[in-house]
Amino acid sequence: MEKKALNDLKKITMLRTFHKSISGMTGKIIRLGFVILIMVVNHTFGQRIEVLTEGTKASLRGLSVVDDETIWVSGSNGTVGRSLDGGISWQWSRVKRFESNDFRDIEAFGKTDAVIMAIGSPSYILRTHDGAQTWQVCFVDTSSAMFLDALEFWNEQSGSVIGDPVNNKFFIGRTFDGGRSWQRIPYQHLPVAEEGEACFAASGTNLRAMNKREALFVSGGKRSSLFIRDKKVLLPFDQGNESSGANSIAVKNNKTFIVVGGDYLNKDRRENNCFITKNGGKTWRRPQVAPFGYRSCIEYIFGKNWVVCGLSGVDISQDDGMQWQNISTEAYHVVRKSKRGHAVFFAGQNGKVGKLLIER
């Protein structure tokens, strides 16, 4: 009996040892398989831009994506475009009496309601409630110094507009009724601009909501800065050149922002065109692999994924901006992600609208 019990114990011990060995090998195989899967995904999934429409004479710099089906664009020659089927078909119009205006930014709230912003003098903000059939003038400034740059809304009621400096201070207006009326921020409370400092009306994204209550904006020209709360932070872009500086900022959270720009007269130059902060602007890092030229717009997508576009193409980052991969050499002015979805769209010269595709 003792001998049999001893043999049984040895068998049990051997079985346990074998089971542990197999379990360890299985865990290693699973981990190895997961690594291989990640490698396969990274190598077999690519991104490309599908052109949805092009051919109009308008330069499109305004883009608002309400959901994956509802897209609005705006631009030169009083142009407004709208798609309700994800970009398959488009309705184009020119705003009556404003055919010569350049609508550089747009904020859409649904299929029928949107606000558009015209730069220059006079500067206008218009609103539609019937799908661009009619427009109401909600703001006008006829002074020769006025030049609006960007719109930003926190929700369907509260928003801001920013303009180039007037008497050495940036113009800022606020709305609390969905853009139907606008109030100017008193002059004494406006941010101070240095000589040669302004904003680029390149994509409507140099002004962004940082959270549900606060906004921030970036400037360029002879001075390039970040304005956040009551602070003004000098950015590491090349200073002293009217065509250089920050063009766009995107926000991941209260601490992580990425700013892009460069020199729009030197579209292929990659030096000093992108900077990353993860501590709310206290310190900045350059990417290890920079975007592939001047970039007029950046958009945060999800996780660690970001996308930028400009005159020389489109780039993607999957590691919070440290390394950028060029996926297209087609020029686009602006890129925006769906507010209530996942689709990412682009707009640019000659009425061109594109969509980011992920493919095997």
# chains A, B, ... in the order shown; residues from 1 in each chain; ligands from 1
>>> residues_around(residues="A:Thr142", least_positions_apart="6", cutoff="9 Å", atoms="only C-alpha atoms", output="ChimeraX atom specification")
/A:120-124
>>> closest_atom_pairs(of="stretch 244-269 of chain A", to="stretch 289-309 of chain A", cutoff="6 Å", atoms="only C-alpha atoms", output="tab-separated table")
residue	atom	partner	partner_atom	distance
A:Asn247	CA	A:Ser296	CA	5.3
A:Ser248	CA	A:Cys297	CA	5.1
A:Ala250	CA	A:Glu299	CA	5.5
A:Val260	CA	A:Arg295	CA	6.0
A:Gly261	CA	A:Arg295	CA	4.9
A:Gly262	CA	A:Tyr294	CA	4.9
A:Asp263	CA	A:Tyr294	CA	5.9
A:Tyr264	CA	A:Tyr294	CA	6.0
A:Lys267	CA	A:Tyr294	CA	4.7
A:Asp268	CA	A:Gly293	CA	4.1
A:Arg269	CA	A:Gly293	CA	4.8
>>> write_last_selection(atoms="N, CA and C atoms", output="mmCIF file, in the first residue's frame")
data_model
loop_
_atom_site.group_PDB
_atom_site.id
_atom_site.type_symbol
_atom_site.label_atom_id
_atom_site.label_comp_id
_atom_site.auth_asym_id
_atom_site.auth_seq_id
_atom_site.Cartn_x
_atom_site.Cartn_y
_atom_site.Cartn_z
ATOM 1 N N ASN A 247 -0.392 77.828 -36.460
ATOM 2 C CA ASN A 247 -1.614 77.926 -37.265
ATOM 3 C C ASN A 247 -2.796 77.241 -36.611
ATOM 4 N N SER A 248 -2.530 76.201 -35.809
ATOM 5 C CA SER A 248 -3.617 75.367 -35.309
ATOM 6 C C SER A 248 -3.195 74.688 -34.015
ATOM 7 N N ALA A 250 -4.729 71.568 -31.191
ATOM 8 C CA ALA A 250 -5.726 70.556 -30.845
ATOM 9 C C ALA A 250 -5.511 70.147 -29.401
ATOM 10 N N VAL A 260 0.609 73.068 -34.374
ATOM 11 C CA VAL A 260 1.315 72.931 -35.646
ATOM 12 C C VAL A 260 1.271 74.242 -36.418
ATOM 13 N N GLY A 261 2.161 74.348 -37.369
ATOM 14 C CA GLY A 261 2.236 75.529 -38.227
ATOM 15 C C GLY A 261 3.469 75.428 -39.106
ATOM 16 N N GLY A 262 4.348 76.418 -38.961
ATOM 17 C CA GLY A 262 5.526 76.492 -39.813
ATOM 18 C C GLY A 262 5.480 77.747 -40.641
ATOM 19 N N ASP A 263 6.024 77.687 -41.839
ATOM 20 C CA ASP A 263 6.073 78.829 -42.753
ATOM 21 C C ASP A 263 5.247 78.487 -43.995
ATOM 22 N N TYR A 264 4.117 79.165 -44.159
ATOM 23 C CA TYR A 264 3.243 78.819 -45.287
ATOM 24 C C TYR A 264 3.851 79.195 -46.639
ATOM 25 N N LYS A 267 6.331 75.479 -47.887
ATOM 26 C CA LYS A 267 5.420 74.407 -47.500
ATOM 27 C C LYS A 267 6.097 73.078 -47.203
ATOM 28 N N ASP A 268 7.312 72.860 -47.681
ATOM 29 C CA ASP A 268 7.984 71.583 -47.469
ATOM 30 C C ASP A 268 8.940 71.595 -46.276
ATOM 31 N N ARG A 269 9.123 72.730 -45.643
ATOM 32 C CA ARG A 269 10.067 72.837 -44.524
ATOM 33 C C ARG A 269 9.503 72.144 -43.287
#
>>> select_by_dssp(residues="stretch 131-260 of chain A", states="strand (DSSP E or B)", output="ChimeraX atom specification")
/A:136-141,148-153,159-166,169-175,183-184,192,197-198,207-209,215-218,220-221,225-228,231-234,244-251,257-260
>>> closest_residue(among="A:Met146, A:Leu265, A:Ala108, A:Cys138", to="A:Ile162", atoms="only C-alpha atoms")
A:Met146
>>> residues_around(residues="stretch 205-211 of chain A", least_positions_apart="2", cutoff="9 Å", atoms="only C-alpha atoms", output="PyMOL selection string")
chain A and resi 105+149-154+160-162+199-203+213-219+228+246-254+259+296-299+334
>>> select_by_dssp(residues="stretch 33-251 of chain A", states="helix (DSSP H, G or I)", output="list in words")
Gly33, Phe34, Val35, Ile36, Leu37, Ile38, Met39, Val40, Val41, Asn42, His43, Thr44, Tyr187, Gln188 and His189 of chain A
>>> write_last_selection(atoms="all heavy atoms", output="compact mmCIF listing (two decimals), in the first residue's frame")
# COMPACT_ATOMS: atom_id res chain seq x y z
N GLY A 33 1.71 35.45 -29.67
CA GLY A 33 0.66 35.63 -30.67
C GLY A 33 0.08 37.02 -30.65
O GLY A 33 -0.21 37.60 -31.70
N PHE A 34 -0.08 37.59 -29.44
CA PHE A 34 -0.62 38.94 -29.32
C PHE A 34 0.34 39.96 -29.94
O PHE A 34 -0.07 40.87 -30.66
CB PHE A 34 -0.86 39.27 -27.85
CG PHE A 34 -1.46 40.64 -27.63
CD1 PHE A 34 -2.79 40.88 -27.94
CD2 PHE A 34 -0.69 41.67 -27.12
CE1 PHE A 34 -3.35 42.13 -27.75
CE2 PHE A 34 -1.23 42.91 -26.92
CZ PHE A 34 -2.57 43.15 -27.23
N VAL A 35 1.64 39.77 -29.66
CA VAL A 35 2.65 40.67 -30.25
C VAL A 35 2.62 40.58 -31.76
O VAL A 35 2.66 41.59 -32.47
CB VAL A 35 4.06 40.34 -29.70
CG1 VAL A 35 5.12 41.12 -30.46
CG2 VAL A 35 4.13 40.67 -28.21
N ILE A 36 2.56 39.32 -32.27
CA ILE A 36 2.51 39.14 -33.73
C ILE A 36 1.27 39.78 -34.30
O ILE A 36 1.30 40.43 -35.35
CB ILE A 36 2.56 37.64 -34.07
CG1 ILE A 36 3.94 37.06 -33.71
CG2 ILE A 36 2.26 37.42 -35.55
CD1 ILE A 36 4.03 35.56 -33.85
N LEU A 37 0.12 39.64 -33.59
CA LEU A 37 -1.13 40.24 -34.06
C LEU A 37 -0.99 41.75 -34.15
O LEU A 37 -1.40 42.36 -35.15
CB LEU A 37 -2.27 39.86 -33.11
CG LEU A 37 -3.63 40.51 -33.41
CD1 LEU A 37 -4.12 40.06 -34.78
CD2 LEU A 37 -4.64 40.16 -32.34
N ILE A 38 -0.40 42.36 -33.12
CA ILE A 38 -0.21 43.81 -33.15
C ILE A 38 0.67 44.21 -34.33
O ILE A 38 0.39 45.18 -35.04
CB ILE A 38 0.42 44.30 -31.83
CG1 ILE A 38 -0.56 44.10 -30.67
CG2 ILE A 38 0.84 45.76 -31.92
CD1 ILE A 38 -1.83 44.90 -30.80
N MET A 39 1.75 43.41 -34.56
CA MET A 39 2.64 43.72 -35.68
C MET A 39 1.90 43.59 -37.00
O MET A 39 2.05 44.42 -37.90
CB MET A 39 3.85 42.78 -35.66
CG MET A 39 4.78 43.02 -34.48
SD MET A 39 6.08 41.77 -34.37
CE MET A 39 6.97 42.08 -35.88
N VAL A 40 1.06 42.54 -37.12
CA VAL A 40 0.31 42.34 -38.35
C VAL A 40 -0.66 43.49 -38.58
O VAL A 40 -0.80 44.02 -39.67
CB VAL A 40 -0.44 40.99 -38.31
CG1 VAL A 40 -1.44 40.91 -39.45
CG2 VAL A 40 0.55 39.84 -38.40
N VAL A 41 -1.37 43.89 -37.49
CA VAL A 41 -2.32 45.00 -37.61
C VAL A 41 -1.61 46.26 -38.07
O VAL A 41 -2.06 46.97 -38.97
CB VAL A 41 -3.04 45.24 -36.26
CG1 VAL A 41 -3.79 46.57 -36.29
CG2 VAL A 41 -4.01 44.10 -35.99
N ASN A 42 -0.45 46.56 -37.46
CA ASN A 42 0.27 47.78 -37.80
C ASN A 42 0.77 47.76 -39.24
O ASN A 42 0.93 48.82 -39.86
CB ASN A 42 1.44 47.99 -36.85
CG ASN A 42 0.99 48.47 -35.48
OD1 ASN A 42 -0.10 49.01 -35.36
ND2 ASN A 42 1.81 48.27 -34.46
N HIS A 43 1.05 46.57 -39.75
CA HIS A 43 1.60 46.49 -41.10
C HIS A 43 0.55 46.28 -42.17
O HIS A 43 0.75 46.63 -43.32
CB HIS A 43 2.65 45.36 -41.16
CG HIS A 43 3.96 45.74 -40.55
ND1 HIS A 43 4.20 45.65 -39.20
CD2 HIS A 43 5.09 46.25 -41.11
CE1 HIS A 43 5.45 46.05 -38.94
NE2 HIS A 43 6.00 46.42 -40.07
N THR A 44 -0.60 45.69 -41.79
CA THR A 44 -1.58 45.40 -42.81
C THR A 44 -2.70 46.42 -42.87
O THR A 44 -3.44 46.46 -43.83
CB THR A 44 -2.19 44.00 -42.59
OG1 THR A 44 -2.82 43.96 -41.30
CG2 THR A 44 -1.13 42.93 -42.68
N TYR A 187 -12.61 96.06 -23.93
CA TYR A 187 -11.24 96.26 -24.39
C TYR A 187 -10.22 96.01 -23.28
O TYR A 187 -9.17 95.42 -23.51
CB TYR A 187 -11.09 97.68 -24.94
CG TYR A 187 -9.71 98.00 -25.45
CD1 TYR A 187 -9.30 97.58 -26.72
CD2 TYR A 187 -8.79 98.70 -24.66
CE1 TYR A 187 -8.03 97.85 -27.19
CE2 TYR A 187 -7.52 98.98 -25.12
CZ TYR A 187 -7.14 98.56 -26.38
OH TYR A 187 -5.87 98.83 -26.84
N GLN A 188 -10.53 96.45 -22.07
CA GLN A 188 -9.56 96.32 -20.97
C GLN A 188 -9.30 94.87 -20.58
O GLN A 188 -8.30 94.56 -19.93
CB GLN A 188 -10.01 97.12 -19.75
CG GLN A 188 -11.31 96.65 -19.12
CD GLN A 188 -12.52 97.37 -19.68
OE1 GLN A 188 -12.49 97.83 -20.82
NE2 GLN A 188 -13.57 97.47 -18.88
N HIS A 189 -10.17 93.94 -20.99
CA HIS A 189 -10.00 92.53 -20.64
C HIS A 189 -9.43 91.69 -21.79
O HIS A 189 -9.27 90.47 -21.65
CB HIS A 189 -11.33 91.93 -20.20
CG HIS A 189 -11.92 92.60 -18.99
ND1 HIS A 189 -11.23 92.74 -17.81
CD2 HIS A 189 -13.14 93.17 -18.78
CE1 HIS A 189 -11.99 93.36 -16.92
NE2 HIS A 189 -13.16 93.64 -17.49
>>> closest_residue(among="A:Asp130, A:Asp230, A:Asp67, A:Glu99", to="A:His342", atoms="only C-alpha atoms")
A:Asp67
>>> residues_around(residues="stretch 277-286 of chain A", least_positions_apart="5", cutoff="8 Å", atoms="only C-alpha atoms", output="ChimeraX atom specification")
/A:226,233,236,254-258,272,322
>>> residues_around(residues="stretch 131-135 of chain A", least_positions_apart="3", cutoff="7 Å", atoms="only C-alpha atoms", output="PDB file with N, CA, C and O atoms, in the first residue's frame")
ATOM      1  N   LYS A 111     -28.651  69.211 -39.127  1.00  0.00           N
ATOM      2  CA  LYS A 111     -28.906  69.195 -40.563  1.00  0.00           C
ATOM      3  C   LYS A 111     -29.340  70.553 -41.099  1.00  0.00           C
ATOM      4  O   LYS A 111     -29.158  70.846 -42.286  1.00  0.00           O
ATOM      5  N   THR A 112     -29.908  71.409 -40.236  1.00  0.00           N
ATOM      6  CA  THR A 112     -30.492  72.670 -40.718  1.00  0.00           C
ATOM      7  C   THR A 112     -29.829  73.919 -40.149  1.00  0.00           C
ATOM      8  O   THR A 112     -29.926  74.985 -40.746  1.00  0.00           O
ATOM      9  N   ASP A 113     -29.137  73.827 -39.017  1.00  0.00           N
ATOM     10  CA  ASP A 113     -28.626  75.008 -38.316  1.00  0.00           C
ATOM     11  C   ASP A 113     -27.108  75.078 -38.371  1.00  0.00           C
ATOM     12  O   ASP A 113     -26.422  74.090 -38.082  1.00  0.00           O
ATOM     13  N   LEU A 126     -22.961  85.001 -39.882  1.00  0.00           N
ATOM     14  CA  LEU A 126     -24.320  84.732 -40.342  1.00  0.00           C
ATOM     15  C   LEU A 126     -24.799  83.407 -39.756  1.00  0.00           C
ATOM     16  O   LEU A 126     -23.990  82.541 -39.415  1.00  0.00           O
ATOM     17  N   ARG A 127     -26.137  83.267 -39.695  1.00  0.00           N
ATOM     18  CA  ARG A 127     -26.711  82.023 -39.172  1.00  0.00           C
ATOM     19  C   ARG A 127     -27.878  81.565 -40.042  1.00  0.00           C
ATOM     20  O   ARG A 127     -28.650  82.391 -40.538  1.00  0.00           O
ATOM     21  N   THR A 128     -27.962  80.248 -40.258  1.00  0.00           N
ATOM     22  CA  THR A 128     -29.096  79.665 -40.972  1.00  0.00           C
ATOM     23  C   THR A 128     -29.827  78.688 -40.068  1.00  0.00           C
ATOM     24  O   THR A 128     -29.215  78.029 -39.219  1.00  0.00           O
TER      25      THR A 128
END
>>> atom_distance(atom1="atom CA of A:His129", atom2="atom CA of A:Ser143")
28.0 Å
>>> residues_around(residues="A:Ala198", least_positions_apart="2", cutoff="9 Å", atoms="only C-alpha atoms", output="VMD selection string")
chain A and resid 163 to 165 170 193 to 196 200 218 to 224
>>> atom_distance(atom1="atom CA of A:Glu69", atom2="atom CA of A:Phe109")
12.7 Å
